[in-house]
Amino acid sequence: VSSLSKYRPVTHSAQLPGFRMPSGNEALNPMTEMAQKSDQEPNAKIRQSGGFEVNMGEEALEFRHITAGLTSKTNGDLTAEPKRPAGLHGPATGPGLLSNHVVTSMYTAWSFAPKFLVKSFSRVANCYFLMICVLQTFPSVSITHGKPTTVVPLMFILTIAAMKEINEDLARHRADDEENNTMTRVLGSDGKYSSEPIPKKWSDVRVGDIVEVRNREPIPADIVLLETSHPEGQCQIMTANLDGETNLKTMVAHKDMVSDSCDKSVMGGYGGEIVCELPNNRLLNFEGTYTRPDGEKVSLGPKNVLLRGVVLRQTEWARGIVAYTGKETKIQMNAAEPPNKVSSVMKLSNDLTKLMFVVDICFCLMAACVNASILGTENAKNSCYLWGNCDYIVAMDPDAANNKIPDSTDSLLIFFTHILIFTNFIPISLLVTIDMVKLGQARMLEFDLDMYHEIKDHSGEIAEIPLSVKRSDLNEELGQVRHIFSDKTGTLTCNIMDFRKCSINGNSYGLGTTAIGLSFLKRNNKPIPAVPPKPADEPDTPNVNFIDPAFSKIMKDPSHPEYKFCCEFFLSLALNHDVLPEENKTGEVIYSASSPDEAALVYAAKHFGFFFKRTENGGKMVIGKKSPDGSEEDVTYEVLNFLEFNSDRKRSSVILKEPGTGKIVLFCKGADNVMKKRMAARQRPDDLMKKTEAHLNQYVDDGLRTLLVGKTYVENSFYETWKKKFAAAENSLQDRDAKRMEVMDLIEKDFQLMGVTAIEDKLQDGVGDALTDFRGANIKVWMLTGDKVDTAINIGYSCSLLDTGMTLLRACGEDNEMDLDHDKVPTEPAIMKKIDELLAVAKEGDNEKALVVDTAALSAIMLYSKEMELNEVCKLCKSVICARVTPRQKASIVDMVRYADPNVVTLSIGDGANDVPMIQTAHLGVGIHGLEGRQAVNNSDYAIGQFRFLRKLLLVHGRWNYRRTCKVCLYMFYKNVCYVVPQFLFGLYCMMSGQPIYHDFIYQMYNTMYTATPIVIYGIMDRDVDKNTALKNPWLYFDGQANTFMSRSIFFKWVAEGIVHASVCFFVPVALYQYGIFDGQGYNLDLFTGIGTFTNMLAVIVASGRLYCETGYFNYPHLYIARGGCASVFFEGMVSFTGSGCTWQLISFGLWWAMLKMISDFGTKGIMGTYFFEVGGTFPTLAHDYGLYMVMIWGMAFVVLWSFCLILGQDLFGTQLRANIAMRMKREEEKLQKVE
């Protein structure tokens, strides 16, 4: 053990394209062979190896050394560990961490201000307005007398953002405090051992501590099991906090971890040493050895480790040695931030913001140039009244003679002055408005009862599942999807498995057919067989839907020639599994399994008289055998080894001794393409394989999930030799998984075929309608499945992904149409020839096309970089099916499409942990609450209960939100152009001198108050069509795919419209003002009170009216009267008045008028009045001169009339859209009439 400190660092495999996180049992960075001598490089320098920066001297440790109970010694070993930068193994760590304290919060009381400000001002818009605030403090360029008035709205926006950050981070702080202060029990620490466990906080637990965990308590750190209350060292855990799975799993302490020969005076017999791998993020992998105090070595694997966060269940206590703590635990190593996703609309909005900044600079340069050209003329220099140095002024004020006459060099200051004047070219409230809109949209999505679902979990309890929005920033992206990548099991199907049929010894059993089978029979004009009723004496068993009276007679007749084969078949199913029996709340024994398929097979064995009851000491399994006469006896089988299933092996095996004979038999079940290679060359009878393959094809036509079952007898001498090799592989600290699989292959061969299992996974409700509508919406659906090609095709037909009118294009290695290399992958010339053939066929005819590819063809396409060529074929197809694909390939397929066509929006949907890479790779990830845990949901952007809800999520809410967000962005720029351009036009009347037309207070309130609320309500609730119309007309979804509502050309059209409306809003007050407006004392009204206030009012009215023209949803306020008139219902009625804020537009204008009246009443009183008096305002006149109001009202009517006439948009109030819908529906009716 001590020599392990001399080993050298290892290299790591390169990251696969599109791969985001480990899944299944895949070992991403297996250990390679290490150097065996330490004296080769005693004084080595730092060396780079596989991304690790490792000190190659004597103290560099390749493995972690942990001495049980000796924290100080362990700490010394931890500090010698190398630093590990971020990579495949997880985030950057090292040297080793002793503390178990965990911090997930982003801020502290001291770091919040600097961190938040850095984050806030990383946004360009905030930096821009900060620059404006700074410019306002320079009197030479300021239009506010050196007062930074933009600080108020900027602080308002930052305050809202800060409150959001604080609220989110406080939740993290509370969670951290709760977790760190949770109590556990420690037996040994700091060289001291106590037979009575000592309570200790999680945060105080250290690496090397010996801890004890009680039933239903969470595990405080990653611990290596020493022993449990179970005689066999077993314990059950629930890993819902880790991977979302609620079914129980069995972990076990190695039987040799604790021995009577160990010295009990040394840490109670637990004082050994662990040598294990360095911290990494591989949840399902662990490699290490434990050296007992007596020197005996024990190999450690993932079954011997309890990870932080899992909960101990149905076990009185478990004890272990802490291996990893804090941020080095596997749950923390996998807690990476989700990938940053930005919608295409927001990307375009950011580009347009930058463009408007350029426009702003151009306007300022133009103003500066005009000012310089005018000031350079003699006429301007001689206009003494402008500079205040006329003779009559000097006579009254001699100092006026020193007034400087500006020249062209002062135009630089004019440039900066106009930057302040044109500040609102970029909406200061754009970001906060969009955030509020998207938050409201998210709440509306979550409140939609049409997407509410209930599901029964493993314990039989009903779980309520509404739609969940994890990332509202992508709401509008839901309206632009072009590709949907869907898993099959649990996504298109229910993932509730029923045992339907089987083939045993060449005979097929099980009558009836499935929904997929019915579709196949109808499609091929075959008769549909009748299904007899279920026999009355047939027991009701969960996950078994098997009807066959003839088979029932066989199982009741021991003399029947097939009875022996049937019993042996179901006995193998009762023994070859990792299912765990447990009792639910009603006392019924249920099976908790890692997959629904596994549980269904064990239930089928129970149904036919082989009841798996429990496991006992020594790895024994107790099977309750039910005889034909109804009696039952318990038979105990001694299990020697269980060879687990994983995604690479695609099979599982159990090795056991037959009771009575003592013979060693191996039962194996697995995928047909894997099992066929391991069958004995000669089967009995000779035509057994041929008959079984015929049955297998029948089950494929029914869309059933199939597994081949086989067995072989193993000689005792061969087994003993194999056992030693297997033990050596399990004890290996280098490439343990690869070596184990290699040794497993030695014994899993020469099988005698027993039969085939056929399990039905029913389609979810509404899948067919959803897929049909997606095709009508020009959304290409990719079904990614591990099933055989023919099974995938039959499922495609049954769920309407395919239809009989489609031309089916195939690129499958198993078709034997392409030359294959030694790895069964098509060669480059073969795959290119195939793609060219498919492309030629796809371009022929007008009927729809569908493409089917398998894993061999996909491997060749990625190997030879033919993604672009494949994408050309896919563009001509309505649907794509990828069969036999692995979890790794799913993410690679999504990456391939994104790379080949960067402008399209992709969506991935799945329900299991193996779908997480695919979900995170796509633009949008949707998780389904299923029976495979919550990992897909936890890593998704949106979570739903059933696939059918995706139809409304995209076609209704997606389209609504895309339209709303686009209109919000365009309107925010439009209303500011409408408000700022009058400033520029006014400058033409005053030599671009930098004189503003608006009072600065009103100027700042335009965005933050007067026009703020209507657009938010509009962005949350407006709709141009109702949900039924959107669902009946999927073609409406084309709008988002074609960027109908927002593009650069549309943006410039809105800007042009804003300029036109701004011109009207400015020139009408100027025209009215030329005759003069006087107050009651005969004085002419000042600039702010006259033209400025008038123009401000018209801009507010026109901007609100323009939004009114975009409104498509009107619902008049009957609720207040109908429900008795309470205040909350009155608010609800006002919101529902238009659903888009038309009422709020009126309220907004009323707010403007009230603010103006309040300013008038203040006069020169108080601080506010003093400020207005400083800038020369005479607002008190507004409180007394009603003649001004009449002029404003007449001017307002004129401006509104002309503005509406000059609107450049064509679809006012949705009239054009409704006309298009009516025309389309009329065409559809005419087509139906022609068909009839």
# chains A, B, ... in the order shown; residues from 1 in each chain; ligands from 1
>>> residues_around(residues="A:Thr74", least_positions_apart="6", cutoff="9 Å", atoms="only C-alpha atoms", output="list in words")
His65, Ile66, Thr67, Ala68, Leu98, Val207 and Gly208 of chain A
>>> atom_distance(atom1="atom CA of A:Tyr713", atom2="atom CA of A:Lys657")
9.9 Å
>>> atom_distance(atom1="atom CA of A:Ala171", atom2="atom CA of A:Ala109")
14.4 Å
>>> residues_around(residues="A:Phe1045", least_positions_apart="4", cutoff="8 Å", atoms="only C-alpha atoms", output="compact mmCIF listing (two decimals) with all heavy atoms, in the first residue's frame")
# COMPACT_ATOMS: atom_id res chain seq x y z
N ARG A 963 -44.44 36.09 -30.45
CA ARG A 963 -45.04 37.33 -30.97
C ARG A 963 -44.97 38.44 -29.93
O ARG A 963 -44.60 39.59 -30.24
CB ARG A 963 -46.49 37.08 -31.38
CG ARG A 963 -47.25 38.33 -31.79
CD ARG A 963 -48.69 38.01 -32.15
NE ARG A 963 -49.44 39.22 -32.39
CZ ARG A 963 -50.08 39.91 -31.45
NH1 ARG A 963 -50.02 39.49 -30.18
NH2 ARG A 963 -50.74 41.01 -31.73
N CYS A 966 -41.32 39.75 -29.41
CA CYS A 966 -40.90 40.54 -30.57
C CYS A 966 -41.54 41.92 -30.56
O CYS A 966 -40.87 42.94 -30.78
CB CYS A 966 -41.26 39.81 -31.87
SG CYS A 966 -40.29 38.33 -32.18
N LYS A 967 -42.84 41.96 -30.29
CA LYS A 967 -43.54 43.25 -30.27
C LYS A 967 -43.03 44.13 -29.14
O LYS A 967 -42.92 45.34 -29.29
CB LYS A 967 -45.05 43.02 -30.11
CG LYS A 967 -45.70 42.26 -31.27
CD LYS A 967 -45.73 43.09 -32.54
CE LYS A 967 -46.52 42.37 -33.63
NZ LYS A 967 -46.54 43.14 -34.89
N ASP A 1039 -44.85 31.46 -38.51
CA ASP A 1039 -44.43 32.84 -38.24
C ASP A 1039 -43.09 32.89 -37.51
O ASP A 1039 -42.21 33.69 -37.86
CB ASP A 1039 -45.50 33.54 -37.39
CG ASP A 1039 -46.77 33.80 -38.18
OD1 ASP A 1039 -46.69 33.85 -39.42
OD2 ASP A 1039 -47.84 33.96 -37.56
N GLY A 1040 -42.94 32.06 -36.48
CA GLY A 1040 -41.70 32.08 -35.73
C GLY A 1040 -40.53 31.53 -36.52
O GLY A 1040 -39.41 32.05 -36.44
N ILE A 1050 -37.94 44.58 -40.42
CA ILE A 1050 -39.12 44.97 -39.63
C ILE A 1050 -38.73 46.03 -38.60
O ILE A 1050 -39.48 46.98 -38.34
CB ILE A 1050 -39.73 43.74 -38.94
CG1 ILE A 1050 -40.27 42.75 -40.00
CG2 ILE A 1050 -40.83 44.13 -37.98
CD1 ILE A 1050 -40.72 41.43 -39.41
>>> atom_distance(atom1="atom CA of A:Ser383", atom2="atom CA of A:Ala368")
19.6 Å
>>> closest_residue(among="A:Met257, A:Val342, A:Val894, A:Ile793", to="A:Thr906", atoms="only C-alpha atoms")
A:Val894
>>> residues_around(residues="A:Ala1062", least_positions_apart="4", cutoff="8 Å", atoms="only C-alpha atoms", output="number ranges by chain")
A: 977-982, 1058, 1066, 1099
>>> write_last_selection(atoms="C-alpha atoms", output="compact mmCIF listing (two decimals), in the first residue's frame")
# COMPACT_ATOMS: atom_id res chain seq x y z
CA VAL A 977 -37.65 57.06 -31.30
CA CYS A 978 -41.07 58.72 -31.21
CA TYR A 979 -40.00 60.59 -28.06
CA VAL A 980 -36.39 61.49 -28.92
CA VAL A 981 -36.67 62.63 -32.54
CA PRO A 982 -38.62 65.80 -31.52
CA GLY A 1058 -41.47 56.28 -35.05
CA PHE A 1066 -43.52 67.97 -32.86
CA ALA A 1099 -45.86 61.34 -27.61
